[in-house]
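See structure below.
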Amino acid sequence: MQPERVAANPEPLFETINVTKKYGPFTALRDVSFRLGDGEFVSIVGPNGAGKTTLVNVVTGLLRPTVGEVRFLGRDIAGVGPVELARRGMARTFQLVNIFPALTVRETLAVAVASRLRRIGNPFRSLQRDHVLQADNERVADVLGLRGKLDTIASTLSQGEKKLLDIASAFALNPTVILLDEPTSGVSTGDKHAIMQVLVTAAKAAGVRAIVQVEHDMDLVERYSHRIVALQEGAVLGDMPPDAFFADPAMIAAVVGTRPQTPKKAP
Ligand SMILES: Nc1ncnc2c1ncn2[C@@H]1O[C@H](COP(=O)(O)OP(=O)(O)O)[C@@H](O)[C@H]1O
Ligand SMILES: [Mg+2]
């Protein structure tokens, strides 16, 4: 089941324009132009080292592009930084889940929600804040299926639940756009589908306008994406709907890593 697409908007939510990112002499992204439209669910795929995480880091302000431009909601975000970008509505999760092990689910969500509410900056609202915080925690926990786990210590959660808690923390920022770096890595196949279902349902309920995920599981990619962007050695190899992607042996070979059959030369 794919999420419904919201009415097409010619203005992208965000875009990278001819972005190149170098780490010293090494080029991790080459001339990448990528747009995310309203209502889209886009998967970024490619072998290890293709530049997927680097692209997410550039888009979310953690890294500055060496060359090129990144725009979010029509504005150049160069130098804006991840905190301010999160405030403007760009939330993300990380490839390696980094939870506070000693905190409960409720406390973890409270940290995320509080970091959003702090920007209200109105001292007269402080009395309301506990209620807002509590209600918001419960809303986010509900929508991510963690309501029954609010008082559980985060480190004792299953891997799938840790992933959901990480996603829930991103949702606590009331994002416009959410980027997920391998949201289902390290969890069983059955749990992967459950996480994706919860994610898509939660995104609709929370008014998230678009989702970008880095994902290796091609079954999930095919099922949930409107569009697939394949990276290879830092360059965009393909940007197309799932039907076209999975019908293209070159895409499959590049992403899954198997080479097309070529006749062997006689020794
Ligand atoms: N901080 C860094 N310094 C130097 N090289 C890096 C750094 N981060 C990533 N790389 C290299 O850039 C390439 C792309 O990395 P990454 O974006 O993490 O790929 P992916 O997420 O597709 O596996 C890899 O070759 C990786 O080793
Ligand atoms: Mg990565």
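Chain labels follow the order of the structure tokens: the first chain is A, the next B, and so on; residue numbering restarts at 1 in every chain, and ligands are counted from 1 in their shown order.
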Protein and nucleic residues near ligand 2, 9 Å, only C-alpha atoms and all ligand atoms, as an mmCIF file with C-alpha atoms, in the first residue's frame:
```
data_model
loop_
_atom_site.group_PDB
_atom_site.id
_atom_site.type_symbol
_atom_site.label_atom_id
_atom_site.label_comp_id
_atom_site.auth_asym_id
_atom_site.auth_seq_id
_atom_site.Cartn_x
_atom_site.Cartn_y
_atom_site.Cartn_z
ATOM 1 C CA ASN A 48 27.638 0.844 0.654
ATOM 2 C CA GLY A 49 29.768 3.923 0.174
ATOM 3 C CA ALA A 50 27.583 5.314 -2.652
ATOM 4 C CA GLY A 51 27.020 8.568 -0.764
ATOM 5 C CA LYS A 52 23.493 8.047 0.607
ATOM 6 C CA THR A 53 24.235 9.188 4.161
ATOM 7 C CA THR A 54 26.338 12.062 2.843
ATOM 8 C CA VAL A 56 21.075 13.103 3.818
ATOM 9 C CA PHE A 94 20.317 8.480 11.932
ATOM 10 C CA GLN A 95 21.635 5.257 10.447
ATOM 11 C CA ASP A 181 18.659 6.855 7.174
ATOM 12 C CA GLU A 182 18.045 3.102 7.082
ATOM 13 C CA VAL A 214 17.673 5.414 2.671
#
```
Exercise for the section: In Å, rounded to a single decimal, give me how far CA of Gly234 in chain A is from atom 17 (O, counted along the ligand's line) of ligand 1. Expected result: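 Atom-to-atom, atom 17 (O, counted along the ligand's line) of ligand 1 to CA of Gly234 in chain A, that is 8.0 Å.
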Practice task
To one decimal in Å, tell me the separation between CA of Ala205 in chain A and CA of Gly74 in chain A.
Solution key: 24.8 Å
Problem - For ligand 1, the nearest of the candidates A:Leu13, A:Leu63, A:Ile99, A:Leu109, counting only C-alpha atoms and all ligand atoms - result: A:Leu63
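Across the model, the gap from CA of Pro47 in chain A to CA of Ser225 in chain A is 18.0 Å.
Every residue of range 177-253 of chain A with a DSSP assignment of strand (DSSP E), taken from the backbone, is listed as Val177, Ile178, Leu179, Leu180, Asp181, Ala210, Ile211, Val212, Gln213, Val214, Arg227, Ile228, Val229, Ala230, Leu231, Gln232, Ala235, Val236, Leu237, Gly238, Asp239 and Met240 of chain A.
Distances to Phe72 in chain A were evaluated for A:Phe245, A:Leu103, A:Ile17, A:Asn98 using only C-alpha atoms, and the minimum falls at A:Ile17.
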When you look at Ile211 in chain A with a cut-off of 6 Å (counting only C-alpha atoms), what residues show up, excluding the ones that are within fewer than 2 positions of it in the same chain? I need them as an mmCIF file with N, CA and C atoms, in the first residue's frame.
```
data_model
loop_
_atom_site.group_PDB
_atom_site.id
_atom_site.type_symbol
_atom_site.label_atom_id
_atom_site.label_comp_id
_atom_site.auth_asym_id
_atom_site.auth_seq_id
_atom_site.Cartn_x
_atom_site.Cartn_y
_atom_site.Cartn_z
ATOM 1 N N PHE A 41 7.077 10.057 -1.373
ATOM 2 C CA PHE A 41 7.875 9.140 -0.556
ATOM 3 C C PHE A 41 8.992 8.661 -1.478
ATOM 4 N N VAL A 177 9.019 17.717 6.650
ATOM 5 C CA VAL A 177 9.686 16.682 5.862
ATOM 6 C C VAL A 177 10.477 15.819 6.830
ATOM 7 N N ILE A 178 10.530 14.539 6.559
ATOM 8 C CA ILE A 178 11.303 13.654 7.425
ATOM 9 C C ILE A 178 12.240 12.810 6.564
ATOM 10 N N LEU A 179 13.487 12.713 7.012
ATOM 11 C CA LEU A 179 14.487 11.909 6.308
ATOM 12 C C LEU A 179 14.941 10.801 7.236
#
```
Excluding Ala170 in chain A and its own-chain neighbours fewer than 3 positions away, which residues fall within 12 Å of it when counting only C-alpha atoms? Please give them as a compact mmCIF listing (two decimals) with N, CA and C atoms, in the first residue's frame.
```txt
# COMPACT_ATOMS: atom_id res chain seq x y z
N ALA A 86 15.88 21.89 11.65
CA ALA A 86 14.87 21.09 12.35
C ALA A 86 13.74 22.01 12.80
N ARG A 87 14.11 23.20 13.27
CA ARG A 87 13.11 24.18 13.70
C ARG A 87 12.21 24.59 12.53
N GLY A 89 11.40 22.66 10.17
CA GLY A 89 10.53 21.57 9.73
C GLY A 89 11.21 20.40 9.06
N MET A 90 12.54 20.32 9.17
CA MET A 90 13.25 19.20 8.56
C MET A 90 13.74 18.27 9.68
N ALA A 91 13.12 17.11 9.81
CA ALA A 91 13.51 16.18 10.87
C ALA A 91 14.17 14.97 10.24
N ARG A 92 15.03 14.31 11.01
CA ARG A 92 15.72 13.16 10.47
C ARG A 92 15.97 12.11 11.55
N THR A 93 16.29 10.91 11.10
CA THR A 93 16.81 9.90 12.00
C THR A 93 18.18 9.49 11.46
N PHE A 94 18.95 8.85 12.31
CA PHE A 94 20.32 8.48 11.93
C PHE A 94 20.41 6.99 11.64
N VAL A 97 21.04 4.08 15.46
CA VAL A 97 20.15 4.64 16.48
C VAL A 97 20.97 4.98 17.72
N THR A 108 12.48 10.13 26.83
CA THR A 108 13.14 10.35 25.54
C THR A 108 12.30 11.27 24.66
N LEU A 109 11.00 11.01 24.62
CA LEU A 109 10.12 11.85 23.81
C LEU A 109 10.04 13.25 24.41
N ALA A 110 10.09 13.32 25.74
CA ALA A 110 10.03 14.63 26.40
C ALA A 110 11.22 15.50 25.99
N VAL A 111 12.40 14.86 25.88
CA VAL A 111 13.59 15.61 25.45
C VAL A 111 13.36 16.18 24.06
N ALA A 112 12.82 15.34 23.17
CA ALA A 112 12.59 15.79 21.79
C ALA A 112 11.53 16.88 21.73
N VAL A 113 10.43 16.67 22.45
CA VAL A 113 9.34 17.66 22.42
C VAL A 113 9.81 18.97 23.07
N SER A 115 12.73 20.19 23.19
CA SER A 115 13.65 20.94 22.35
C SER A 115 12.87 21.72 21.29
N ARG A 116 11.68 21.27 20.95
CA ARG A 116 10.85 22.04 20.03
C ARG A 116 10.16 23.18 20.79
N ASN A 137 3.77 14.18 24.12
CA ASN A 137 4.42 12.87 24.28
C ASN A 137 3.45 11.76 23.94
N VAL A 140 2.52 11.61 20.23
CA VAL A 140 3.59 11.03 19.40
C VAL A 140 3.72 9.52 19.68
N ALA A 141 3.65 9.15 20.96
CA ALA A 141 3.76 7.72 21.30
C ALA A 141 2.61 6.94 20.69
N LEU A 144 3.02 6.40 16.92
CA LEU A 144 4.10 5.46 16.58
C LEU A 144 3.91 4.10 17.27
N LYS A 163 14.02 1.58 16.90
CA LYS A 163 13.88 2.30 15.63
C LYS A 163 12.64 3.18 15.65
N LEU A 164 11.54 2.63 16.17
CA LEU A 164 10.31 3.41 16.24
C LEU A 164 10.46 4.60 17.19
N LEU A 165 11.19 4.39 18.27
CA LEU A 165 11.40 5.50 19.21
C LEU A 165 12.23 6.60 18.56
N ASP A 166 13.19 6.20 17.77
CA ASP A 166 14.01 7.17 17.04
C ASP A 166 13.13 7.96 16.05
N ILE A 167 12.26 7.24 15.35
CA ILE A 167 11.34 7.90 14.41
C ILE A 167 10.38 8.80 15.19
N LEU A 173 9.20 16.69 16.61
CA LEU A 173 9.55 18.03 16.14
C LEU A 173 8.49 18.61 15.20
N ASN A 174 7.39 17.89 15.03
CA ASN A 174 6.33 18.33 14.10
C ASN A 174 6.90 18.66 12.72
N PRO A 175 7.56 17.72 12.10
CA PRO A 175 8.28 18.04 10.87
C PRO A 175 7.37 18.23 9.66
N THR A 176 7.84 19.02 8.71
CA THR A 176 7.23 19.13 7.38
C THR A 176 7.73 17.98 6.51
N VAL A 177 9.02 17.72 6.65
CA VAL A 177 9.69 16.68 5.86
C VAL A 177 10.48 15.82 6.83
N ILE A 178 10.53 14.54 6.56
CA ILE A 178 11.30 13.65 7.42
C ILE A 178 12.24 12.81 6.56
N LEU A 179 13.49 12.71 7.01
CA LEU A 179 14.49 11.91 6.31
C LEU A 179 14.94 10.80 7.24
N LEU A 180 14.92 9.58 6.74
CA LEU A 180 15.24 8.44 7.57
C LEU A 180 16.40 7.68 6.95
N ASP A 181 17.49 7.57 7.68
CA ASP A 181 18.66 6.86 7.17
C ASP A 181 18.60 5.42 7.67
N PRO A 183 15.86 3.23 8.16
CA PRO A 183 14.95 3.11 9.31
C PRO A 183 14.70 1.68 9.74
N LEU A 199 5.11 4.01 10.14
CA LEU A 199 5.70 5.26 9.65
C LEU A 199 4.77 5.99 8.69
N ALA A 202 1.67 7.20 10.49
CA ALA A 202 2.01 8.31 11.39
C ALA A 202 2.26 9.59 10.60
N ALA A 203 2.92 9.44 9.45
CA ALA A 203 3.23 10.63 8.64
C ALA A 203 1.94 11.31 8.19
N ALA A 206 0.28 13.01 11.16
CA ALA A 206 1.03 14.16 11.69
C ALA A 206 1.17 15.28 10.66
N VAL A 208 2.94 15.23 7.91
CA VAL A 208 4.25 15.27 7.26
C VAL A 208 4.03 15.31 5.75
N ILE A 211 8.46 12.20 2.64
CA ILE A 211 9.41 11.33 3.35
C ILE A 211 10.53 10.94 2.38
```
Handout entry: Backbone-only DSSP, helix (DSSP H, G or I) members of range 86-227 of chain A, as a VMD selection string
Key = chain A and resid 86 to 87 105 to 120 123 to 143 147 to 149 154 to 156 159 to 171 189 to 206 218 to 224
Problem - Selected residue of minimal separation from ligand 1 among A:Met251, A:Ile44, A:Ala28, A:Ala210, counting only C-alpha atoms and all ligand atoms - result: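 Between A:Met251, A:Ile44, A:Ala28, A:Ala210, the residue approaching ligand 1 most closely is A:Ala28.
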Problem - Residues within 7 Å of Gln232 in chain A, only C-alpha atoms, excluding chain neighbours under 3 positions, as an NGL selection string - result: :A and (46 or 50 or 235-237)
Take the residues just selected and output them with C-alpha atoms as a compact mmCIF listing (two decimals), in the first residue's frame.
```txt
# COMPACT_ATOMS: atom_id res chain seq x y z
CA GLY A 46 22.80 2.28 -3.70
CA ALA A 50 27.58 5.31 -2.65
CA ALA A 235 26.50 10.27 -8.69
CA VAL A 236 22.82 9.86 -9.50
CA LEU A 237 22.58 6.77 -11.66
```
Practice task
Considering only C-alpha atoms, return as number ranges by chain whatever protein or nucleic-acid residues lie within 12 Å of range 216-224 of chain A, sequence-local ones (same chain, fewer than 3 positions apart) excluded.
Solution key: A: 1-5, 40-48, 52, 95, 181-197, 199-201, 211-213, 227-230, 240-247, 251-252, 255-257
Practice task
Find the residues near Gly68 in chain A: any atom within 12 Å, counting only C-alpha atoms, skip ones fewer than 6 places away on the same chain, and give them as a list in words.
Solution key: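 Surrounding residues, per the criterion: Glu15, Thr16, Ile17, Asn18, Val19, Thr20, Lys21, Lys22, Leu29, Arg30, Asp31, Val32, Ser33, Phe34, Val58, Val59, Asp76, Ile77 and Ala78 of chain A.
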